[in-house]
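As provided, upload-v4.txt (compact mmCIF, C-alpha atoms) reads as follows.
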```
# COMPACT_ATOMS: atom_id res chain seq x y z
CA PHE A 152 0.00 0.00 0.00
CA TRP A 153 2.77 2.44 0.94
CA ARG A 154 4.67 1.51 -2.21
CA GLU A 155 1.59 2.08 -4.39
CA LYS A 156 1.19 5.55 -2.87
CA ASN A 157 4.84 6.30 -3.68
CA ILE A 158 5.58 7.18 -0.05
CA LYS A 159 9.20 8.06 0.77
CA ASN A 160 11.20 9.22 3.82
CA LYS A 161 8.41 9.21 6.38
CA ILE A 162 8.31 8.72 10.14
CA LEU A 163 6.41 5.55 11.05
CA VAL A 164 4.31 5.70 14.23
CA HIS A 165 3.55 2.04 14.83
CA ILE A 166 0.89 1.55 17.54
CA ASP A 167 0.93 -2.19 17.95
CA GLY A 168 1.31 -5.03 20.43
CA HIS A 169 4.04 -6.45 18.18
CA LEU A 170 7.16 -5.16 16.47
CA ASP A 171 6.38 -6.49 12.95
CA LEU A 172 10.07 -6.27 12.01
CA LYS A 173 10.99 -9.95 11.94
CA ARG A 174 14.17 -10.73 10.05
CA ILE A 175 13.93 -11.76 6.38
CA ASP A 176 16.78 -13.65 4.73
CA ASP A 177 18.73 -11.75 2.06
CA LEU A 178 17.46 -13.78 -0.91
CA SER A 179 13.79 -13.41 0.08
CA LEU A 180 14.22 -9.71 0.84
CA SER A 181 15.76 -9.21 -2.61
CA GLN A 182 12.76 -10.95 -4.22
CA ILE A 183 10.33 -8.74 -2.30
CA LEU A 184 12.15 -5.52 -3.23
CA ARG A 185 12.21 -6.45 -6.95
CA ALA A 186 8.59 -7.68 -7.06
CA ASP A 187 5.83 -5.98 -9.00
CA LYS A 188 2.31 -5.77 -7.57
CA LYS A 189 1.21 -9.24 -8.72
CA THR A 190 4.44 -10.95 -7.68
CA LEU A 191 4.36 -9.22 -4.31
CA LYS A 192 0.91 -10.67 -3.67
CA ASP A 193 2.24 -14.14 -4.53
CA LEU A 194 5.10 -13.64 -2.04
CA SER A 195 2.76 -12.55 0.76
CA CYS A 196 1.56 -15.08 3.32
CA GLY A 197 -1.60 -15.10 5.38
CA PRO A 198 -1.64 -15.49 9.17
CA TYR A 199 -1.94 -19.28 8.87
CA GLU A 200 0.84 -19.63 6.27
CA ALA A 201 3.70 -18.42 8.46
CA GLY A 202 6.97 -20.22 7.81
CA ARG A 203 6.36 -20.92 4.14
CA LYS A 204 9.63 -20.22 2.32
CA ASP A 205 7.79 -19.37 -0.92
CA LYS A 206 5.78 -16.66 0.91
CA PRO A 207 8.35 -14.69 2.93
CA LEU A 208 6.38 -11.44 3.35
CA GLY A 209 3.86 -11.29 6.18
CA VAL A 210 2.24 -9.22 8.87
CA ASP A 211 5.18 -9.87 11.20
CA ASN A 212 7.90 -8.44 8.94
CA PHE A 213 6.38 -5.96 6.46
CA ILE A 214 8.23 -3.01 8.02
CA LEU A 215 11.66 -4.35 6.99
CA PRO A 216 11.10 -4.03 3.21
CA ALA A 217 9.61 -0.57 3.80
CA ILE A 218 12.83 0.48 5.53
CA ASN A 219 14.90 -0.91 2.65
CA GLU A 220 12.78 0.98 0.11
CA VAL A 221 13.38 4.23 2.05
CA ILE A 222 9.66 4.51 2.75
CA ILE A 223 10.48 4.77 6.45
CA LYS A 224 13.22 7.05 7.73
CA GLU A 225 12.43 6.78 11.46
CA PHE A 226 10.61 4.07 13.41
CA LEU A 227 8.58 4.85 16.53
CA TRP A 228 6.99 1.82 18.18
CA VAL A 229 4.23 2.71 20.65
CA VAL A 230 3.95 -0.32 22.92
CA PRO A 231 0.88 -1.30 24.97
CA ASP A 232 2.70 -1.09 28.31
CA GLY A 233 1.13 1.53 30.57
CA TYR A 234 4.59 3.04 31.01
CA LEU A 235 8.25 2.11 30.51
CA GLU A 236 10.78 1.99 33.32
CA LYS A 237 14.52 1.53 33.32
CA ASP A 238 14.16 -2.23 33.82
CA SER A 239 12.10 -2.33 30.61
CA LEU A 240 15.34 -1.76 28.70
CA LEU A 241 16.75 -5.26 29.21
CA LYS A 242 13.40 -6.92 28.47
CA TYR A 243 12.92 -5.06 25.20
CA GLN A 244 16.57 -5.43 24.23
CA ALA A 245 16.32 -9.21 24.69
CA HIS A 246 13.03 -9.27 22.76
CA LEU A 247 14.46 -7.29 19.82
CA GLU A 248 17.58 -9.43 19.64
CA ARG A 249 15.41 -12.57 19.69
CA VAL A 250 13.22 -11.26 16.84
CA LEU A 251 15.90 -9.58 14.72
CA LYS A 252 18.73 -12.07 15.35
CA ILE A 253 21.19 -9.21 15.81
CA SER A 254 22.68 -7.35 18.76
CA LEU A 255 20.73 -4.14 19.33
CA PRO A 256 21.87 -1.86 22.17
CA LEU A 257 19.20 0.45 23.57
CA LYS A 258 19.32 3.51 25.81
CA PHE A 259 16.66 4.66 28.25
CA GLN A 260 15.86 8.33 28.76
CA ASN A 261 12.69 10.11 29.89
CA GLY A 262 10.52 7.04 29.45
CA ILE A 263 11.72 6.32 25.89
CA LEU A 264 14.00 3.54 24.64
CA THR A 265 16.23 4.66 21.79
CA GLY A 266 18.50 2.84 19.39
CA SER A 267 19.14 2.21 15.72
CA VAL A 268 17.82 -0.59 13.55
CA TYR A 269 18.78 -1.20 9.92
CA ASN A 270 20.46 2.23 9.86
CA ILE A 271 17.42 4.26 10.91
CA PRO A 272 16.55 5.67 14.36
CA LEU A 273 14.37 3.46 16.54
CA PHE A 274 12.24 4.74 19.44
CA ILE A 275 10.09 2.64 21.77
CA CYS A 276 7.68 4.37 24.11
CA SER A 277 4.30 4.08 25.79
CA LEU A 278 1.41 6.25 24.70
CA LYS A 279 1.89 8.72 27.55
CA ASP A 280 5.43 9.51 26.34
CA LEU A 281 4.51 9.85 22.68
CA PRO A 282 6.31 12.89 21.23
CA SER A 283 4.81 15.40 18.80
CA PHE A 284 5.97 15.68 15.19
CA LYS A 285 6.23 18.70 12.91
CA GLU A 286 5.44 16.67 9.79
CA PRO A 287 2.74 14.21 8.70
CA VAL A 288 3.56 10.63 9.69
CA LEU A 289 2.68 7.12 8.60
CA LEU A 290 0.23 6.10 11.31
CA ASP A 291 -0.09 2.34 11.58
CA ILE A 292 -2.48 0.99 14.24
CA ASP A 293 -3.02 -2.68 15.00
CA ILE A 294 -6.10 -3.45 17.08
CA ASP A 295 -4.10 -6.03 19.04
CA TYR A 296 -2.49 -3.01 20.72
CA PHE A 297 -5.62 -2.90 22.87
CA THR A 298 -5.48 -6.60 23.74
CA THR A 299 -1.76 -7.28 24.25
CA ASP A 300 -0.23 -7.18 27.72
CA LYS A 301 3.33 -6.05 26.90
CA GLY A 302 5.25 -5.41 23.71
CA TYR A 303 7.80 -8.08 24.63
CA ASN A 304 5.30 -10.88 25.26
CA PHE A 305 2.35 -12.33 23.36
CA LYS A 306 -0.11 -12.48 26.24
CA VAL A 307 -3.66 -11.57 25.16
CA ILE A 308 -5.76 -9.70 27.73
CA PHE A 309 -9.54 -9.77 28.04
CA GLY A 310 -12.11 -7.49 29.65
CA SER A 311 -11.56 -3.75 29.83
CA PRO A 312 -8.68 -2.67 27.58
CA ARG A 313 -6.02 -0.40 28.99
CA ILE A 314 -7.43 2.34 26.78
CA TRP A 315 -10.51 2.63 24.54
CA PRO A 316 -10.26 3.58 20.84
CA GLU A 317 -11.84 7.00 21.31
CA ASP A 318 -9.34 7.80 24.08
CA LEU A 319 -6.43 6.78 21.84
CA PHE A 320 -7.77 9.04 19.11
CA LYS A 321 -8.07 11.93 21.57
CA ILE A 322 -4.47 11.53 22.75
CA LEU A 323 -3.15 11.43 19.18
CA ARG A 324 -5.00 14.65 18.44
CA GLU A 325 -3.76 16.30 21.64
CA GLU A 326 -0.18 15.36 20.76
CA LYS A 327 -0.73 16.88 17.31
CA ILE A 328 0.02 13.63 15.48
CA THR A 329 -0.92 14.40 11.87
CA PRO A 330 -1.31 11.22 9.81
CA GLY A 331 -0.38 11.48 6.16
CA ILE A 332 -1.45 7.87 5.67
CA ILE A 333 -3.45 5.75 8.13
CA THR A 334 -3.44 1.96 8.12
CA ILE A 335 -5.48 -0.10 10.60
CA ALA A 336 -5.06 -3.88 11.07
CA TYR A 337 -7.53 -6.20 12.78
CA SER A 338 -5.17 -9.10 13.70
CA CYS A 339 -8.16 -11.30 14.55
CA GLU A 340 -6.75 -14.16 12.47
CA GLY A 341 -4.15 -15.79 14.65
CA GLY A 342 -5.99 -14.86 17.83
CA TYR A 343 -4.08 -11.66 18.69
CA THR A 344 -7.31 -9.65 18.72
CA PRO A 345 -10.31 -11.53 20.13
CA LEU A 346 -13.24 -11.15 17.75
CA GLU A 347 -15.37 -9.27 20.26
CA TYR A 348 -12.87 -6.37 20.00
CA ARG A 349 -12.90 -6.22 16.20
CA TYR A 350 -15.23 -3.23 16.21
CA PHE A 351 -12.41 -1.09 17.64
CA ALA A 352 -11.07 -0.76 14.07
CA GLU A 353 -14.37 0.65 12.81
CA VAL A 354 -14.51 3.12 15.70
CA LEU A 355 -11.03 4.43 14.88
CA TRP A 356 -11.76 4.59 11.15
CA LYS A 357 -14.89 6.67 11.74
CA LEU A 358 -13.10 8.99 14.17
CA PHE A 359 -10.21 9.68 11.81
CA TYR A 360 -12.49 10.25 8.82
CA GLN A 361 -15.03 12.26 10.84
CA ILE A 362 -17.89 9.83 10.26
CA PRO A 363 -20.55 10.13 12.99
CA LEU A 364 -20.58 7.36 15.60
CA ASN A 365 -23.73 5.95 17.15
CA LYS A 366 -22.76 6.80 20.73
CA LYS A 367 -25.59 4.76 22.24
CA VAL A 368 -24.46 1.60 20.42
CA LEU A 369 -20.84 2.29 21.33
CA ASN A 370 -21.72 2.72 25.00
CA TYR A 371 -23.68 -0.56 25.01
CA LYS A 372 -20.75 -2.36 23.35
CA LYS A 373 -18.31 -1.07 25.94
CA LYS A 374 -20.51 -2.29 28.79
CA ALA A 375 -20.92 -5.67 27.09
CA THR A 376 -17.17 -5.99 26.51
CA ILE A 377 -16.39 -5.16 30.15
CA ASN A 378 -18.93 -7.64 31.52
CA LEU A 379 -17.85 -10.43 29.17
CA GLY A 380 -14.24 -10.05 30.29
CA LEU A 381 -14.96 -10.05 34.04
CA PRO A 382 -16.80 -12.48 33.36
CA ARG A 383 -20.38 -11.48 34.21
CA TYR A 384 -22.21 -13.37 31.52
CA GLU A 385 -25.78 -12.43 32.42
CA GLN A 386 -24.95 -8.72 32.28
CA ALA A 387 -23.00 -9.25 29.05
CA VAL A 388 -26.04 -10.93 27.49
CA TYR A 389 -28.18 -7.97 28.54
CA TRP A 390 -25.87 -5.37 26.92
CA TYR A 391 -25.20 -7.38 23.77
CA LYS A 392 -28.94 -7.74 23.26
CA LYS A 393 -29.25 -3.96 23.61
CA VAL A 394 -26.71 -3.56 20.78
CA ILE A 395 -28.48 -6.14 18.60
CA GLY A 396 -31.79 -4.40 19.22
CA LEU A 397 -30.34 -1.35 17.46
CA ASP A 398 -28.21 -3.23 14.93
CA PRO A 399 -29.39 -6.85 14.39
CA GLU A 400 -26.51 -7.67 12.01
CA ASP A 401 -23.64 -6.43 14.21
CA PRO A 402 -21.10 -9.31 13.95
CA CYS A 403 -19.10 -8.43 17.08
CA ALA A 404 -22.25 -8.20 19.19
CA LEU A 405 -23.57 -11.52 17.87
CA TYR A 406 -20.23 -13.19 18.52
CA GLY A 407 -20.00 -11.70 22.02
CA LEU A 408 -23.56 -12.82 22.72
CA GLY A 409 -22.59 -16.34 21.66
CA LEU A 410 -19.60 -16.31 24.01
CA SER A 411 -21.81 -15.08 26.84
CA PHE A 412 -24.42 -17.78 26.31
CA GLU A 413 -21.65 -20.38 26.07
CA GLY A 414 -20.23 -19.14 29.37
CA LEU A 415 -23.65 -19.65 30.94
CA GLY A 416 -23.90 -23.16 29.54
CA ARG A 417 -26.79 -22.18 27.27
CA ILE A 418 -25.30 -23.90 24.25
CA SER A 419 -28.33 -23.91 21.92
CA GLU A 420 -28.68 -20.14 22.31
CA ALA A 421 -24.94 -19.73 21.77
CA VAL A 422 -25.15 -21.68 18.51
CA LEU A 423 -27.96 -19.44 17.27
CA ALA A 424 -25.94 -16.30 18.09
CA TYR A 425 -22.81 -17.65 16.37
```

Please lay out the structure from this file as structure tokens.
Amino acid sequence: FWREKNIKNKILVHIDGHLDLKRIDDLSLSQILRADKKTLKDLSCGPYEAGRKDKPLGVDNFILPAINEVIIKEFLWVVPDGYLEKDSLLKYQAHLERVLKISLPLKFQNGILTGSVYNIPLFICSLKDLPSFKEPVLLDIDIDYFTTDKGYNFKVIFGSPRIWPEDLFKILREEKITPGIITIAYSCEGGYTPLEYRYFAEVLWKLFYQIPLNKKVLNYKKKATINLGLPRYEQAVYWYKKVIGLDPEDPCALYGLGLSFEGLGRISEAVLAY
């Protein structure tokens, strides 16, 4: 997508539970960089095709070719941790070295980890330490940011997220983050984003493009999500039914209702909701 838009020399603000910079061997990287649009599609793997040597490009490494094509000049990874401390340095350094297969020294200052990766500056910070930028950025948001415990582990959290989509949007606006290009990933395939959170992507999309939100539906969904995660299944059923009463085809609400019925042991009703 970035290549098609002829994007060059941009700062990437990557709001994600995962780094997405996994190492690619030299031969495969060369194939990706030379590929036209059709060939690139053939080289791209889906979430359940990971490890296929004939499909080396995936959701866990797409940033590396973008760095090599000079699309990205600076990489800022906003991790889901509530905040970073000095002891975060060793954990993230070990994680990066495990993913990248190279030694990567980091420094810690004012809540931000800094270093260099593939000859461009690398910054790792939590949302509260997100700096402002004087130029439009590539804003890349993965919904698993809301459902991942820490950037250096793959633990999925349930219940109330650390932050809601509308609060994330508000912070980005307050920090004067101006997106030149916005990309939003679901990451439901593979289990990184539980399906009941999938609607977070639609909320963000509408906020960024100034499309009115149904605040009543959104409020009901939040209450249903919270109760499902606790778990308080009866209350979750109540709030999911409120959503479905306003939008009978809402897939996240129907799925959440199914989970709630299943949690109550009401399997036949769960099957109907699914």

Separation of atom CA of Asp291 of chain A from atom CA of Lys367 of chain A, in Å and rounded to one decimal:
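These atoms are spaced 27.7 Å apart.
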
Give the answer as one residue: which of A:Tyr371, A:Tyr343, A:Trp356, A:Tyr406 has the shortest atom-to-atom distance to Phe297 of chain A, using all atoms listed in the file?
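Selected residue with least distance to Phe297 of chain A: A:Tyr343.
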
Give me, please, the distance in Å between atom CA of Tyr360 of chain A and atom CA of Thr329 of chain A, quoted to one decimal.
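The value is 12.7 Å.
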
Would you kindly return, as a ChimeraX atom specification, each protein, DNA or RNA residue with an atom no farther than 10 Å from any atom of segment 259-266 of chain A, considering only C-alpha atoms and excluding same-chain residues fewer than 2 positions away?
/A:226-229,234-241,243-244,255-257,268,270-277,279-282

Work out how far apart atom CA of Phe309 of chain A and atom CA of Pro363 of chain A are and give it in Å to one decimal.
27.3 Å

Write out as a PyMOL selection string each polymer residue whose atoms come within 12 Å of Gly341 of chain A, counting all atoms listed in the file; drop sequence neighbours fewer than 4 positions from it.
chain A and resi 197-201+210-211+295+305+307+337+345-346

Could you save the residues just selected, with C-alpha atoms, as a CSV table (one decimal), keeping the file's coordinate frame?
```
chain,number,residue,atom,x,y,z
A,197,GLY,CA,-1.6,-15.1,5.4
A,198,PRO,CA,-1.6,-15.5,9.2
A,199,TYR,CA,-1.9,-19.3,8.9
A,200,GLU,CA,0.8,-19.6,6.3
A,201,ALA,CA,3.7,-18.4,8.5
A,210,VAL,CA,2.2,-9.2,8.9
A,211,ASP,CA,5.2,-9.9,11.2
A,295,ASP,CA,-4.1,-6.0,19.0
A,305,PHE,CA,2.4,-12.3,23.4
A,307,VAL,CA,-3.7,-11.6,25.2
A,337,TYR,CA,-7.5,-6.2,12.8
A,345,PRO,CA,-10.3,-11.5,20.1
A,346,LEU,CA,-13.2,-11.2,17.8
```

Can you tell me, as JSON, the centre and edge lengths (Å, one decimal) of the axis-aligned box enclosing all of segment 256-275 of chain A's listed atoms after padding each side by 4 Å?
```
{"center_x": 16.0, "center_y": 4.1, "center_z": 19.9, "size_x": 19.8, "size_y": 20.0, "size_z": 28.0}
```

Please identify all polymer residues within 12 Å of segment 390-401 of chain A, counting all atoms listed in the file, omitting same-chain residues fewer than 5 positions from it, and present them as a PDB file with C-alpha atoms, keeping the file's coordinate frame.
```pdb
ATOM      1  CA  LEU A 346     -13.240 -11.150  17.750  1.00  0.00           C
ATOM      2  CA  GLU A 347     -15.370  -9.270  20.260  1.00  0.00           C
ATOM      3  CA  ARG A 349     -12.900  -6.220  16.200  1.00  0.00           C
ATOM      4  CA  TYR A 350     -15.230  -3.230  16.210  1.00  0.00           C
ATOM      5  CA  GLU A 353     -14.370   0.650  12.810  1.00  0.00           C
ATOM      6  CA  ASN A 365     -23.730   5.950  17.150  1.00  0.00           C
ATOM      7  CA  LYS A 366     -22.760   6.800  20.730  1.00  0.00           C
ATOM      8  CA  LYS A 367     -25.590   4.760  22.240  1.00  0.00           C
ATOM      9  CA  VAL A 368     -24.460   1.600  20.420  1.00  0.00           C
ATOM     10  CA  LEU A 369     -20.840   2.290  21.330  1.00  0.00           C
ATOM     11  CA  ASN A 370     -21.720   2.720  25.000  1.00  0.00           C
ATOM     12  CA  TYR A 371     -23.680  -0.560  25.010  1.00  0.00           C
ATOM     13  CA  LYS A 372     -20.750  -2.360  23.350  1.00  0.00           C
ATOM     14  CA  LYS A 373     -18.310  -1.070  25.940  1.00  0.00           C
ATOM     15  CA  LYS A 374     -20.510  -2.290  28.790  1.00  0.00           C
ATOM     16  CA  ALA A 375     -20.920  -5.670  27.090  1.00  0.00           C
ATOM     17  CA  THR A 376     -17.170  -5.990  26.510  1.00  0.00           C
ATOM     18  CA  ILE A 377     -16.390  -5.160  30.150  1.00  0.00           C
ATOM     19  CA  ASN A 378     -18.930  -7.640  31.520  1.00  0.00           C
ATOM     20  CA  LEU A 379     -17.850 -10.430  29.170  1.00  0.00           C
ATOM     21  CA  ARG A 383     -20.380 -11.480  34.210  1.00  0.00           C
ATOM     22  CA  TYR A 384     -22.210 -13.370  31.520  1.00  0.00           C
ATOM     23  CA  GLU A 385     -25.780 -12.430  32.420  1.00  0.00           C
ATOM     24  CA  TYR A 406     -20.230 -13.190  18.520  1.00  0.00           C
ATOM     25  CA  GLY A 407     -20.000 -11.700  22.020  1.00  0.00           C
ATOM     26  CA  LEU A 408     -23.560 -12.820  22.720  1.00  0.00           C
ATOM     27  CA  GLY A 409     -22.590 -16.340  21.660  1.00  0.00           C
ATOM     28  CA  LEU A 410     -19.600 -16.310  24.010  1.00  0.00           C
ATOM     29  CA  SER A 411     -21.810 -15.080  26.840  1.00  0.00           C
ATOM     30  CA  PHE A 412     -24.420 -17.780  26.310  1.00  0.00           C
ATOM     31  CA  ALA A 424     -25.940 -16.300  18.090  1.00  0.00           C
ATOM     32  CA  TYR A 425     -22.810 -17.650  16.370  1.00  0.00           C
TER      33      TYR A 425
END
```

Looking at all atoms listed in the file, which of A:Ile166, A:Ile332, A:Ile322, A:Ile214 is the one that sits closest to Gly302 of chain A?
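Going through A:Ile166, A:Ile332, A:Ile322, A:Ile214 one by one, the smallest distance to Gly302 of chain A is for A:Ile166.
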
Any idea what's packed within 12 Å of Arg249 of chain A, counting all atoms listed in the file, ignoring anything in its chain fewer than 5 positions away? Could you give it as a PyMOL selection string?
chain A and resi 170+172-174+242-244+254-255+303-304

Distance criterion (all atoms listed in the file): nearest to Ile158 of chain A out of A:Gly331, A:Leu184, A:Arg313, A:Asp318
A:Gly331

Skipping near chain neighbours, those fewer than 3 positions away, what residues fall within 9 Å of Arg154 of chain A using all atoms listed in the file, listed as a ChimeraX atom specification?
/A:157-159,217,220,222

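Among the candidates A:Ala245, A:Val230, A:Val388, A:Leu278, the residue lying nearest to Glu413 of chain A is A:Val388 (atoms considered: only C-alpha atoms).
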
So, with all atoms listed in the file as the atoms that count, which of A:Leu180, A:Ile223, A:Gly416, A:Asp171 lies closest to Gly209 of chain A?
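Going through A:Leu180, A:Ile223, A:Gly416, A:Asp171 one by one, the smallest distance to Gly209 of chain A is for A:Asp171.
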
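Among the candidate residues A:Pro382, A:Gly342, A:Pro316, A:Pro287, the one lying nearest to Lys161 of chain A is A:Pro287, with distances computed using all atoms listed in the file.
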
Model the absent atoms of segment 358-374 of chain A so that N, CA and C atoms are present, and write the result as a PDB file, in the frame of the given file.
```pdb
ATOM      1  N   LEU A 358     -13.628   7.804  13.478  1.00  0.00           N
ATOM      2  CA  LEU A 358     -13.100   8.990  14.170  1.00  0.00           C
ATOM      3  C   LEU A 358     -12.117   9.744  13.280  1.00  0.00           C
ATOM      4  N   PHE A 359     -11.213   9.019  12.642  1.00  0.00           N
ATOM      5  CA  PHE A 359     -10.210   9.680  11.810  1.00  0.00           C
ATOM      6  C   PHE A 359     -10.823  10.325  10.578  1.00  0.00           C
ATOM      7  N   TYR A 360     -11.872   9.714  10.036  1.00  0.00           N
ATOM      8  CA  TYR A 360     -12.490  10.250   8.820  1.00  0.00           C
ATOM      9  C   TYR A 360     -13.762  11.039   9.115  1.00  0.00           C
ATOM     10  N   GLN A 361     -13.944  11.364  10.394  1.00  0.00           N
ATOM     11  CA  GLN A 361     -15.030  12.260  10.840  1.00  0.00           C
ATOM     12  C   GLN A 361     -16.399  11.757  10.384  1.00  0.00           C
ATOM     13  N   ILE A 362     -16.601  10.453  10.532  1.00  0.00           N
ATOM     14  CA  ILE A 362     -17.890   9.830  10.260  1.00  0.00           C
ATOM     15  C   ILE A 362     -18.617   9.686  11.594  1.00  0.00           C
ATOM     16  N   PRO A 363     -19.855  10.153  11.703  1.00  0.00           N
ATOM     17  CA  PRO A 363     -20.550  10.130  12.990  1.00  0.00           C
ATOM     18  C   PRO A 363     -20.662   8.713  13.575  1.00  0.00           C
ATOM     19  N   LEU A 364     -20.434   8.610  14.871  1.00  0.00           N
ATOM     20  CA  LEU A 364     -20.580   7.360  15.600  1.00  0.00           C
ATOM     21  C   LEU A 364     -21.942   7.309  16.286  1.00  0.00           C
ATOM     22  N   ASN A 365     -22.531   6.128  16.350  1.00  0.00           N
ATOM     23  CA  ASN A 365     -23.730   5.950  17.150  1.00  0.00           C
ATOM     24  C   ASN A 365     -23.276   5.766  18.600  1.00  0.00           C
ATOM     25  N   LYS A 366     -23.320   6.830  19.377  1.00  0.00           N
ATOM     26  CA  LYS A 366     -22.760   6.800  20.730  1.00  0.00           C
ATOM     27  C   LYS A 366     -23.522   5.844  21.650  1.00  0.00           C
ATOM     28  N   LYS A 367     -24.803   5.680  21.406  1.00  0.00           N
ATOM     29  CA  LYS A 367     -25.590   4.760  22.240  1.00  0.00           C
ATOM     30  C   LYS A 367     -25.108   3.323  22.013  1.00  0.00           C
ATOM     31  N   VAL A 368     -24.942   2.940  20.747  1.00  0.00           N
ATOM     32  CA  VAL A 368     -24.460   1.600  20.420  1.00  0.00           C
ATOM     33  C   VAL A 368     -23.056   1.391  20.997  1.00  0.00           C
ATOM     34  N   LEU A 369     -22.204   2.399  20.831  1.00  0.00           N
ATOM     35  CA  LEU A 369     -20.840   2.290  21.330  1.00  0.00           C
ATOM     36  C   LEU A 369     -20.811   2.114  22.845  1.00  0.00           C
ATOM     37  N   ASN A 370     -21.648   2.839  23.543  1.00  0.00           N
ATOM     38  CA  ASN A 370     -21.720   2.720  25.000  1.00  0.00           C
ATOM     39  C   ASN A 370     -22.187   1.322  25.421  1.00  0.00           C
ATOM     40  N   TYR A 371     -23.185   0.785  24.711  1.00  0.00           N
ATOM     41  CA  TYR A 371     -23.680  -0.560  25.010  1.00  0.00           C
ATOM     42  C   TYR A 371     -22.570  -1.595  24.772  1.00  0.00           C
ATOM     43  N   LYS A 372     -21.823  -1.419  23.670  1.00  0.00           N
ATOM     44  CA  LYS A 372     -20.750  -2.360  23.350  1.00  0.00           C
ATOM     45  C   LYS A 372     -19.664  -2.348  24.419  1.00  0.00           C
ATOM     46  N   LYS A 373     -19.331  -1.173  24.898  1.00  0.00           N
ATOM     47  CA  LYS A 373     -18.310  -1.070  25.940  1.00  0.00           C
ATOM     48  C   LYS A 373     -18.753  -1.807  27.198  1.00  0.00           C
ATOM     49  N   LYS A 374     -20.003  -1.623  27.586  1.00  0.00           N
ATOM     50  CA  LYS A 374     -20.510  -2.290  28.790  1.00  0.00           C
ATOM     51  C   LYS A 374     -20.550  -3.805  28.587  1.00  0.00           C
TER      52      LYS A 374
END
```
